[in-house]
file input.cif (mmCIF, C-alpha atoms and all ligand atoms)
data_model
loop_
_atom_site.label_atom_id
_atom_site.label_comp_id
_atom_site.auth_asym_id
_atom_site.auth_seq_id
_atom_site.Cartn_x
_atom_site.Cartn_y
_atom_site.Cartn_z
CA MET F 22 -11.89 -6.85 5.43
CA ASP F 23 -13.53 -7.77 8.75
CA LEU F 24 -12.06 -5.72 11.60
CA VAL F 25 -12.22 -8.42 14.23
CA SER F 26 -11.23 -6.20 17.17
CA VAL F 27 -14.03 -3.68 16.53
CA ARG F 28 -16.86 -4.07 19.03
CA THR F 29 -18.90 -0.90 18.42
CA THR F 30 -19.82 1.25 15.45
CA ARG F 31 -21.65 4.45 16.27
CA VAL F 32 -23.28 6.90 13.88
CA PRO F 33 -23.57 10.27 15.65
CA ARG F 34 -26.20 12.66 14.29
CA SER F 35 -25.04 15.81 16.06
CA ARG F 36 -21.89 17.36 17.53
CA ALA F 37 -23.10 16.45 21.03
CA GLU F 38 -23.17 12.80 20.01
CA LEU F 39 -19.69 13.00 18.44
CA THR F 40 -17.62 11.52 21.25
CA PHE F 41 -14.70 9.13 21.25
CA SER F 42 -13.64 6.48 23.77
CA ALA F 43 -10.19 4.90 24.01
CA GLY F 44 -9.73 2.65 20.96
CA ASP F 45 -12.25 4.56 18.80
CA LEU F 46 -11.33 5.97 15.39
CA PRO F 47 -13.29 8.30 13.11
CA LEU F 48 -14.68 6.55 10.05
CA GLY F 49 -14.89 8.44 6.76
CA GLY F 50 -15.48 6.32 3.67
CA GLY F 51 -13.60 3.38 5.22
CA THR F 52 -11.67 2.63 2.01
CA TRP F 53 -8.41 2.51 3.93
CA LEU F 54 -9.74 1.53 7.37
CA PHE F 55 -11.33 -1.64 5.96
CA SER F 56 -8.40 -2.41 3.66
CA GLU F 57 -6.00 -3.72 6.27
CA PRO F 58 -5.96 -5.01 9.87
CA GLN F 59 -6.38 -2.29 12.50
CA PRO F 60 -4.87 -3.76 15.67
CA GLY F 61 -6.04 -1.99 18.82
CA VAL F 62 -9.06 -0.35 17.19
CA THR F 63 -12.15 -1.32 19.17
CA GLY F 64 -14.72 1.20 17.93
CA LEU F 65 -15.60 3.22 14.85
CA VAL F 66 -17.40 6.57 14.89
CA ASP F 67 -19.02 7.08 11.49
CA LEU F 68 -18.83 10.76 10.51
CA THR F 69 -21.08 10.38 7.49
CA GLY F 70 -24.24 10.43 9.64
CA LEU F 71 -23.56 14.02 10.71
CA GLY F 72 -25.14 15.26 7.48
CA TRP F 73 -22.53 17.87 6.62
CA PRO F 74 -23.31 19.49 3.23
CA ALA F 75 -20.63 18.19 0.86
CA ILE F 76 -19.77 21.51 -0.79
CA THR F 77 -20.81 25.06 0.04
CA ALA F 78 -19.76 28.05 -2.04
CA THR F 79 -19.51 31.39 -0.23
CA PRO F 80 -18.24 34.70 -1.67
CA ASP F 81 -14.91 34.14 0.14
CA ALA F 82 -14.31 30.42 -0.13
CA LEU F 83 -15.34 26.99 -1.29
CA VAL F 84 -16.10 24.99 1.85
CA VAL F 85 -15.60 21.26 1.34
CA ALA F 86 -16.84 19.01 4.14
CA ALA F 87 -14.46 16.33 5.38
CA THR F 88 -17.15 13.79 4.44
CA CYS F 89 -17.41 15.01 0.83
CA THR F 90 -16.50 12.11 -1.47
CA LEU F 91 -13.88 12.42 -4.18
CA GLU F 92 -16.65 11.77 -6.68
CA ASP F 93 -18.73 14.71 -5.43
CA LEU F 94 -15.73 17.02 -5.37
CA ALA F 95 -14.72 15.98 -8.89
CA ARG F 96 -18.15 17.04 -10.12
CA VAL F 97 -18.18 20.50 -8.52
CA PRO F 98 -19.46 22.90 -11.18
CA ALA F 99 -17.13 25.55 -12.59
CA ALA F 100 -19.58 28.20 -11.36
CA GLN F 101 -18.54 27.25 -7.81
CA CYS F 102 -14.83 26.62 -8.23
CA GLY F 103 -13.76 28.94 -11.05
CA ALA F 104 -10.42 28.34 -12.73
CA ALA F 105 -9.59 25.55 -10.26
CA ARG F 106 -12.03 23.17 -11.98
CA GLU F 107 -9.35 21.37 -14.01
CA LEU F 108 -6.98 21.13 -11.04
CA ILE F 109 -9.70 19.66 -8.83
CA TRP F 110 -10.48 17.05 -11.47
CA ARG F 111 -6.83 16.12 -11.92
CA CYS F 112 -6.27 15.76 -8.17
CA CYS F 113 -9.37 13.61 -7.73
CA THR F 114 -8.31 11.35 -10.59
CA ALA F 115 -4.75 11.14 -9.21
CA LEU F 116 -6.10 8.55 -6.76
CA LEU F 117 -6.19 5.56 -9.06
CA GLY F 118 -8.78 3.52 -7.21
CA SER F 119 -11.79 1.83 -8.73
CA TYR F 120 -15.11 3.62 -9.20
CA LYS F 121 -16.17 2.06 -5.87
CA ILE F 122 -13.26 3.70 -4.04
CA TRP F 123 -13.84 7.05 -5.75
CA HIS F 124 -17.53 6.89 -4.82
CA THR F 125 -16.79 6.26 -1.14
CA ALA F 126 -13.42 7.79 -0.21
CA THR F 127 -13.74 11.15 1.52
CA VAL F 128 -11.67 14.31 1.30
CA GLY F 129 -11.16 14.25 5.08
CA GLY F 130 -10.17 10.59 5.12
CA ASN F 131 -7.62 11.19 2.41
CA ILE F 132 -6.05 14.16 4.19
CA CYS F 133 -6.13 12.62 7.68
CA LEU F 134 -4.65 9.33 6.47
CA ALA F 135 -1.66 11.51 5.55
CA LEU F 136 -0.07 9.30 2.92
CA PRO F 137 2.50 11.28 0.90
CA ALA F 138 0.47 10.41 -2.22
CA GLY F 139 -2.76 11.81 -0.78
CA PRO F 140 -4.08 13.93 -3.66
CA MET F 141 -6.58 15.82 -1.49
CA THR F 142 -3.65 17.03 0.57
CA SER F 143 -1.92 18.09 -2.67
CA LEU F 144 -5.00 20.00 -3.80
CA ALA F 145 -5.73 21.66 -0.47
CA VAL F 146 -2.14 22.73 0.13
CA ALA F 147 -1.70 23.99 -3.43
CA LEU F 148 -4.74 26.24 -3.00
CA ASP F 149 -3.76 27.46 0.51
CA ALA F 150 -6.81 25.80 2.04
CA GLN F 151 -7.50 26.16 5.73
CA ALA F 152 -8.43 23.11 7.78
CA VAL F 153 -11.33 23.56 10.17
CA THR F 154 -11.22 21.00 12.94
CA TRP F 155 -13.57 20.08 15.77
CA PRO F 156 -11.52 19.46 18.92
CA ALA F 157 -12.94 17.00 21.46
CA GLY F 158 -13.67 19.71 24.02
CA GLY F 159 -15.80 21.82 21.66
CA GLY F 160 -15.23 24.88 19.49
CA GLU F 161 -13.25 25.02 16.26
CA ARG F 162 -9.56 25.18 15.39
CA ARG F 163 -8.19 26.57 12.13
CA LEU F 164 -4.82 25.94 10.58
CA PRO F 165 -3.43 25.65 7.05
CA VAL F 166 -3.75 22.14 5.64
CA ALA F 167 -0.02 22.56 4.90
CA ASP F 168 0.52 22.46 8.69
CA LEU F 169 -2.08 19.80 9.45
CA VAL F 170 -0.21 17.01 7.65
CA VAL F 171 3.11 16.75 9.46
CA ASP F 172 4.61 13.41 8.36
CA VAL F 173 3.79 10.05 6.80
CA ARG F 174 0.58 8.88 8.51
CA ALA F 175 0.78 11.75 11.02
CA CYS F 176 -1.48 14.79 11.39
CA ASP F 177 -1.62 17.61 13.91
CA LEU F 178 -4.87 16.31 15.44
CA ALA F 179 -5.38 15.58 19.13
CA PRO F 180 -7.23 12.42 20.22
CA GLY F 181 -10.93 12.88 19.54
CA GLU F 182 -10.34 15.86 17.24
CA VAL F 183 -11.77 15.49 13.74
CA LEU F 184 -11.35 17.40 10.52
CA ARG F 185 -14.68 19.11 9.86
CA ALA F 186 -13.96 20.86 6.54
CA ILE F 187 -11.42 22.55 4.35
CA GLU F 188 -11.93 26.10 3.15
CA ILE F 189 -10.39 27.03 -0.19
CA PRO F 190 -10.04 30.81 -0.57
CA ALA F 191 -11.74 32.41 -3.57
CA ALA F 192 -8.46 34.07 -4.62
CA SER F 193 -6.81 30.65 -4.97
CA LEU F 194 -9.78 29.30 -6.94
CA ALA F 195 -9.30 32.15 -9.43
CA ALA F 196 -5.54 31.65 -9.83
CA ARG F 197 -3.81 30.06 -12.80
CA THR F 198 -2.46 26.63 -11.92
CA GLY F 199 -0.43 23.86 -13.47
CA PHE F 200 -0.27 20.18 -12.50
CA ARG F 201 2.33 17.46 -13.00
CA ARG F 202 2.31 13.94 -11.63
CA LEU F 203 4.69 11.02 -12.17
CA ALA F 204 4.41 7.39 -11.15
CA LEU F 205 6.70 4.46 -11.85
CA SER F 206 3.94 2.63 -13.76
CA PRO F 207 0.87 3.77 -15.72
CA LEU F 208 -1.54 2.89 -12.89
CA GLY F 209 0.95 3.35 -10.07
CA ARG F 210 0.66 5.50 -6.97
CA SER F 211 2.10 9.01 -7.34
CA GLY F 212 5.88 9.16 -6.96
CA THR F 213 5.83 12.94 -7.09
CA LEU F 214 3.02 15.42 -7.60
CA VAL F 215 3.83 19.06 -8.23
CA ILE F 216 1.33 21.91 -8.52
CA ALA F 217 2.21 25.51 -9.36
CA ARG F 218 -0.10 28.45 -8.74
CA ALA F 219 0.24 32.00 -10.07
CA ASP F 220 -2.06 34.41 -8.24
CA ALA F 221 -3.54 37.57 -9.72
CA ALA F 222 -1.42 39.53 -7.22
CA GLY F 223 1.70 37.99 -8.74
CA GLU F 224 2.68 35.44 -6.07
CA PHE F 225 3.98 32.13 -7.40
CA VAL F 226 3.61 29.04 -5.21
CA VAL F 227 4.94 25.57 -5.97
CA THR F 228 3.53 22.74 -3.88
CA VAL F 229 5.47 19.49 -3.65
CA THR F 230 3.72 16.33 -2.43
CA ALA F 231 4.03 12.56 -2.90
CA GLY F 232 7.81 12.83 -3.36
CA THR F 233 8.32 14.12 0.16
CA ARG F 234 7.16 12.85 3.56
CA ARG F 235 4.96 15.90 4.10
CA PRO F 236 3.65 18.68 1.85
CA HIS F 237 5.92 21.62 1.07
CA GLN F 238 5.11 25.04 -0.35
CA LEU F 239 7.83 27.02 -2.12
CA ARG F 240 6.64 30.66 -2.21
CA PHE F 241 7.97 33.46 -4.41
CA ASP F 242 6.78 37.06 -4.84
CA GLU F 243 6.74 36.51 -8.61
CA VAL F 244 7.61 33.77 -11.09
CA PRO F 245 11.23 33.04 -10.12
CA PRO F 246 14.24 32.43 -12.36
CA ALA F 247 14.94 28.77 -13.09
CA ARG F 248 17.97 28.64 -10.80
CA ALA F 249 16.05 29.99 -7.78
CA LEU F 250 13.25 27.47 -8.17
CA GLU F 251 15.65 24.58 -8.68
CA SER F 252 17.62 25.53 -5.55
CA ALA F 253 14.42 25.72 -3.50
CA VAL F 254 13.36 22.25 -4.64
CA LEU F 255 16.81 20.74 -4.07
CA ARG F 256 16.95 22.21 -0.54
CA LEU F 257 14.00 20.00 0.51
CA ASP F 258 15.42 17.23 2.64
CA ASP F 259 12.66 14.73 3.36
CA TRP F 260 12.39 12.80 0.08
CA TYR F 261 10.23 9.75 0.60
CA ASP F 262 11.54 6.23 0.07
CA ASP F 263 9.11 3.42 -0.71
CA ALA F 264 8.11 1.03 -3.49
CA HIS F 265 6.69 3.94 -5.50
CA GLY F 266 10.03 5.70 -5.98
CA ALA F 267 13.56 6.14 -4.70
CA PRO F 268 14.44 9.46 -3.03
CA ASP F 269 17.01 10.52 -5.67
CA TRP F 270 14.53 9.84 -8.50
CA ARG F 271 11.80 11.77 -6.68
CA ARG F 272 14.11 14.71 -6.08
CA ALA F 273 15.31 14.89 -9.70
CA MET F 274 11.80 14.46 -11.16
CA THR F 275 10.34 17.08 -8.83
CA ALA F 276 12.93 19.63 -9.94
CA LEU F 277 12.20 18.80 -13.59
CA LEU F 278 8.41 19.08 -13.18
CA ALA F 279 8.65 22.30 -11.17
CA GLU F 280 10.71 23.84 -13.97
CA GLU F 281 8.15 22.74 -16.59
CA LEU F 282 5.42 24.42 -14.54
CA ARG F 283 7.47 27.59 -14.08
CA VAL F 284 7.73 27.96 -17.86
CA GLU F 285 4.08 26.96 -18.37
CA LEU F 286 2.97 29.77 -16.05
CA GLY F 287 5.02 32.45 -17.74
CA GLY F 288 8.63 32.09 -16.58
CA ALA F 289 11.40 32.67 -19.12
CA ALA F 290 12.51 29.41 -20.77
C1 LIG J 1 -7.04 0.78 -4.93
C2 LIG J 1 -6.72 1.85 -3.91
C3 LIG J 1 -5.91 2.91 -4.30
C4 LIG J 1 -5.59 3.91 -3.37
N1 LIG J 1 -4.78 4.92 -3.78
C5 LIG J 1 -4.47 5.89 -2.91
C6 LIG J 1 -3.64 6.97 -3.32
O1 LIG J 1 -3.18 7.06 -4.46
N2 LIG J 1 -3.37 7.93 -2.42
C7 LIG J 1 -3.87 7.88 -1.15
O2 LIG J 1 -3.62 8.81 -0.37
N3 LIG J 1 -4.64 6.87 -0.75
C8 LIG J 1 -4.95 5.88 -1.58
N4 LIG J 1 -5.73 4.85 -1.14
C9 LIG J 1 -6.12 4.77 0.29
C10 LIG J 1 -7.52 5.35 0.62
O3 LIG J 1 -8.50 4.72 -0.15
C11 LIG J 1 -7.62 6.87 0.38
O4 LIG J 1 -6.59 7.56 1.08
C12 LIG J 1 -8.97 7.45 0.78
O5 LIG J 1 -9.08 8.77 0.34
C13 LIG J 1 -9.21 7.42 2.30
O6 LIG J 1 -10.44 8.07 2.54
P1 LIG J 1 -11.60 7.36 3.40
O7 LIG J 1 -12.70 8.35 3.54
O8 LIG J 1 -11.98 6.05 2.84
O9 LIG J 1 -10.84 7.19 4.78
P2 LIG J 1 -11.04 6.13 5.94
O10 LIG J 1 -10.53 4.79 5.50
O11 LIG J 1 -12.42 6.21 6.46
O12 LIG J 1 -10.06 6.78 7.03
C14 LIG J 1 -8.68 6.95 6.80
C15 LIG J 1 -8.04 7.49 8.08
O13 LIG J 1 -8.45 8.83 8.32
C16 LIG J 1 -9.16 8.95 9.57
N5 LIG J 1 -10.25 9.91 9.31
C17 LIG J 1 -11.21 9.81 8.37
N6 LIG J 1 -11.95 10.92 8.33
C18 LIG J 1 -11.46 11.75 9.31
C19 LIG J 1 -11.82 13.06 9.77
N7 LIG J 1 -12.79 13.77 9.19
N8 LIG J 1 -11.13 13.58 10.80
C20 LIG J 1 -10.10 12.87 11.37
N9 LIG J 1 -9.70 11.65 10.97
C21 LIG J 1 -10.38 11.09 9.94
C22 LIG J 1 -9.59 7.54 9.93
O14 LIG J 1 -9.73 7.37 11.34
C23 LIG J 1 -8.45 6.73 9.35
O15 LIG J 1 -7.35 6.74 10.24
C24 LIG J 1 -6.09 3.85 -2.05
C25 LIG J 1 -6.91 2.78 -1.67
C26 LIG J 1 -7.22 1.79 -2.59
C27 LIG J 1 -8.09 0.63 -2.12
#
call {"tool": "encode", "arguments": {"input": "input.cif", "output": "structure tokens", "more": "lines below"}}
Ligand SMILES: Cc1cc2nc3c(=O)[nH]c(=O)nc-3n(C[C@H](O)[C@H](O)[C@H](O)COP(=O)(O)OP(=O)(O)OC[C@H]3O[C@@H](n4cnc5c(N)ncnc54)[C@H](O)[C@@H]3O)c2cc1C
result
Amino acid sequence: MDLVSVRTTRVPRSRAELTFSAGDLPLGGGTWLFSEPQPGVTGLVDLTGLGWPAITATPDALVVAATCTLEDLARVPAAQCGAARELIWRCCTALLGSYKIWHTATVGGNICLALPAGPMTSLAVALDAQAVTWPAGGGERRLPVADLVVDVRACDLAPGEVLRAIEIPAASLAARTGFRRLALSPLGRSGTLVIARADAAGEFVVTVTAGTRRPHQLRFDEVPPARALESAVLRLDDWYDDAHGAPDWRRAMTALLAEELRVELGGAA
């Protein structure tokens, strides 16, 4: 779609050139930005010219640049992402766009768009990823991705602040995980997406996305009894309501899927 109000598109090549004026928005892959009218947007600042390496593996973490495409992330070798390989693949393929979308959409664009059904948010939160941001005034800010996405289409980012990368800790990459996703139709957007993670240290974390307005983590010291997990899910109070699912359906299905994952990861049936 032509964005008729946009007058300038800049492609910064360095942090010094990464500046924003009133009416400017960061541009990732543009798969959402160019999919609907953007009233009031007068400039785009294309982050893809900054040349951030898509994926860097360090001994402590997998660092995924905000500009990494879903396609590149989906192809990360197991040598770099350990046991999380299958989960990464399933989250990337949870966005049911065409090959063209997959090839272009970025991890940062998906998280910063902050749709409940943003599968990169699901993945990052499920693996306790940290967001690394570049505030407008310089320096870096770090916060859990779980705290970055605060509501539907709302992130904890100040004007001119961009997401630079997410860092997925090595311990999370090594954990056992389980994935469940439900949609109202075979190619529909996620109505609820639940991921469970059992760490080597014993902690059990259930991440609920798509069914709720923002991501939630339910943390337990060990795999909990069924009743405790169900109560934690049913205490969530921001079930999302849109064409992809009614709140009561999302709540009931999330409780069901969380229980399936609890048993899959070793809880007593
Ligand atoms: C057929 C189809 C299916 C889709 N299905 C889904 C789906 O299931 N779930 C879903 O979540 N989305 C879906 N989308 C929407 C969209 O394509 C994805 O969310 C995609 O991942 C957005 O990434 P992008 O890089 O293209 O973002 P862009 O369109 O470039 O940007 C999206 C928003 O994020 C901001 N932004 C981008 N990068 C950064 C950054 N690094 N720092 C700060 N702000 C930034 C932009 O300013 C903009 O507001 C779908 C789209 C299509 C066309």
call {"tool": "axis_aligned_box", "arguments": {"input": "input.cif", "around": "region 40-56 of chain F", "padding_each_side": "8 Å", "output": "JSON"}}
result
{"center_x": -13.0, "center_y": 4.6, "center_z": 13.0, "size_x": 25.2, "size_y": 29.9, "size_z": 38.0}
call {"tool": "closest_atom_pairs", "arguments": {"input": "input.cif", "of": "chain F", "to": "ligand LIG 1 (chain J)", "cutoff": "6 Å", "atoms": "all atoms listed in the file", "output": "tab-separated table"}}
result
residue	atom	partner	partner_atom	distance
F:Leu46	CA	J:LIG1	O14	4.6
F:Pro47	CA	J:LIG1	O14	4.1
F:Leu48	CA	J:LIG1	O11	4.3
F:Gly49	CA	J:LIG1	O11	3.3
F:Gly50	CA	J:LIG1	O7	3.4
F:Gly51	CA	J:LIG1	O11	3.3
F:Thr52	CA	J:LIG1	O8	3.5
F:Trp53	CA	J:LIG1	O10	3.5
F:Leu54	CA	J:LIG1	O10	3.8
F:Ala87	CA	J:LIG1	N7	4.9
F:Leu116	CA	J:LIG1	O1	4.0
F:Leu117	CA	J:LIG1	C3	5.5
F:Gly118	CA	J:LIG1	C1	4.0
F:Ala126	CA	J:LIG1	O8	3.8
F:Thr127	CA	J:LIG1	O7	3.6
F:Gly129	CA	J:LIG1	N7	4.4
F:Gly130	CA	J:LIG1	O9	3.5
F:Asn131	CA	J:LIG1	O5	3.5
F:Cys133	CA	J:LIG1	O13	4.5
F:Leu134	CA	J:LIG1	C15	4.2
F:Leu136	CA	J:LIG1	O2	4.9
F:Ala138	CA	J:LIG1	N2	4.6
F:Gly139	CA	J:LIG1	O2	3.1
F:Val183	CA	J:LIG1	N8	3.6
F:Leu184	CA	J:LIG1	N8	3.8
F:Arg185	CA	J:LIG1	N7	5.7
F:Arg210	CA	J:LIG1	O1	4.8
call {"tool": "closest_residue", "arguments": {"input": "input.cif", "among": "F:Ala231, F:Trp73, F:Gly199, F:Pro245", "to": "Glu285 (chain F)", "atoms": "only C-alpha atoms"}}
result
F:Gly199
call {"tool": "closest_residue", "arguments": {"input": "input.cif", "among": "F:Leu250, F:Ala78, F:Ala147, F:Cys102", "to": "Val284 (chain F)", "atoms": "all atoms listed in the file"}}
result
F:Leu250
call {"tool": "closest_residue", "arguments": {"input": "input.cif", "among": "F:Arg163, F:Arg202, F:Arg174, F:His237", "to": "Ile187 (chain F)", "atoms": "all atoms listed in the file"}}
result
F:Arg163
call {"tool": "residues_near_point", "arguments": {"input": "input.cif", "point": "(11.7, 7.9, 0.2)", "cutoff": "10 Å", "atoms": "all atoms listed in the file", "output": "PDB file with C-alpha atoms, in the frame of the given file"}}
result
ATOM      1  CA  PRO F 137       2.500  11.280   0.900  1.00  0.00           C
ATOM      2  CA  GLY F 212       5.880   9.160  -6.960  1.00  0.00           C
ATOM      3  CA  ALA F 231       4.030  12.560  -2.900  1.00  0.00           C
ATOM      4  CA  GLY F 232       7.810  12.830  -3.360  1.00  0.00           C
ATOM      5  CA  THR F 233       8.320  14.120   0.160  1.00  0.00           C
ATOM      6  CA  ARG F 234       7.160  12.850   3.560  1.00  0.00           C
ATOM      7  CA  ASP F 259      12.660  14.730   3.360  1.00  0.00           C
ATOM      8  CA  TRP F 260      12.390  12.800   0.080  1.00  0.00           C
ATOM      9  CA  TYR F 261      10.230   9.750   0.600  1.00  0.00           C
ATOM     10  CA  ASP F 262      11.540   6.230   0.070  1.00  0.00           C
ATOM     11  CA  ASP F 263       9.110   3.420  -0.710  1.00  0.00           C
ATOM     12  CA  ALA F 264       8.110   1.030  -3.490  1.00  0.00           C
ATOM     13  CA  HIS F 265       6.690   3.940  -5.500  1.00  0.00           C
ATOM     14  CA  GLY F 266      10.030   5.700  -5.980  1.00  0.00           C
ATOM     15  CA  ALA F 267      13.560   6.140  -4.700  1.00  0.00           C
ATOM     16  CA  PRO F 268      14.440   9.460  -3.030  1.00  0.00           C
ATOM     17  CA  ASP F 269      17.010  10.520  -5.670  1.00  0.00           C
ATOM     18  CA  TRP F 270      14.530   9.840  -8.500  1.00  0.00           C
ATOM     19  CA  ARG F 271      11.800  11.770  -6.680  1.00  0.00           C
ATOM     20  CA  ARG F 272      14.110  14.710  -6.080  1.00  0.00           C
TER      21      ARG F 272
END
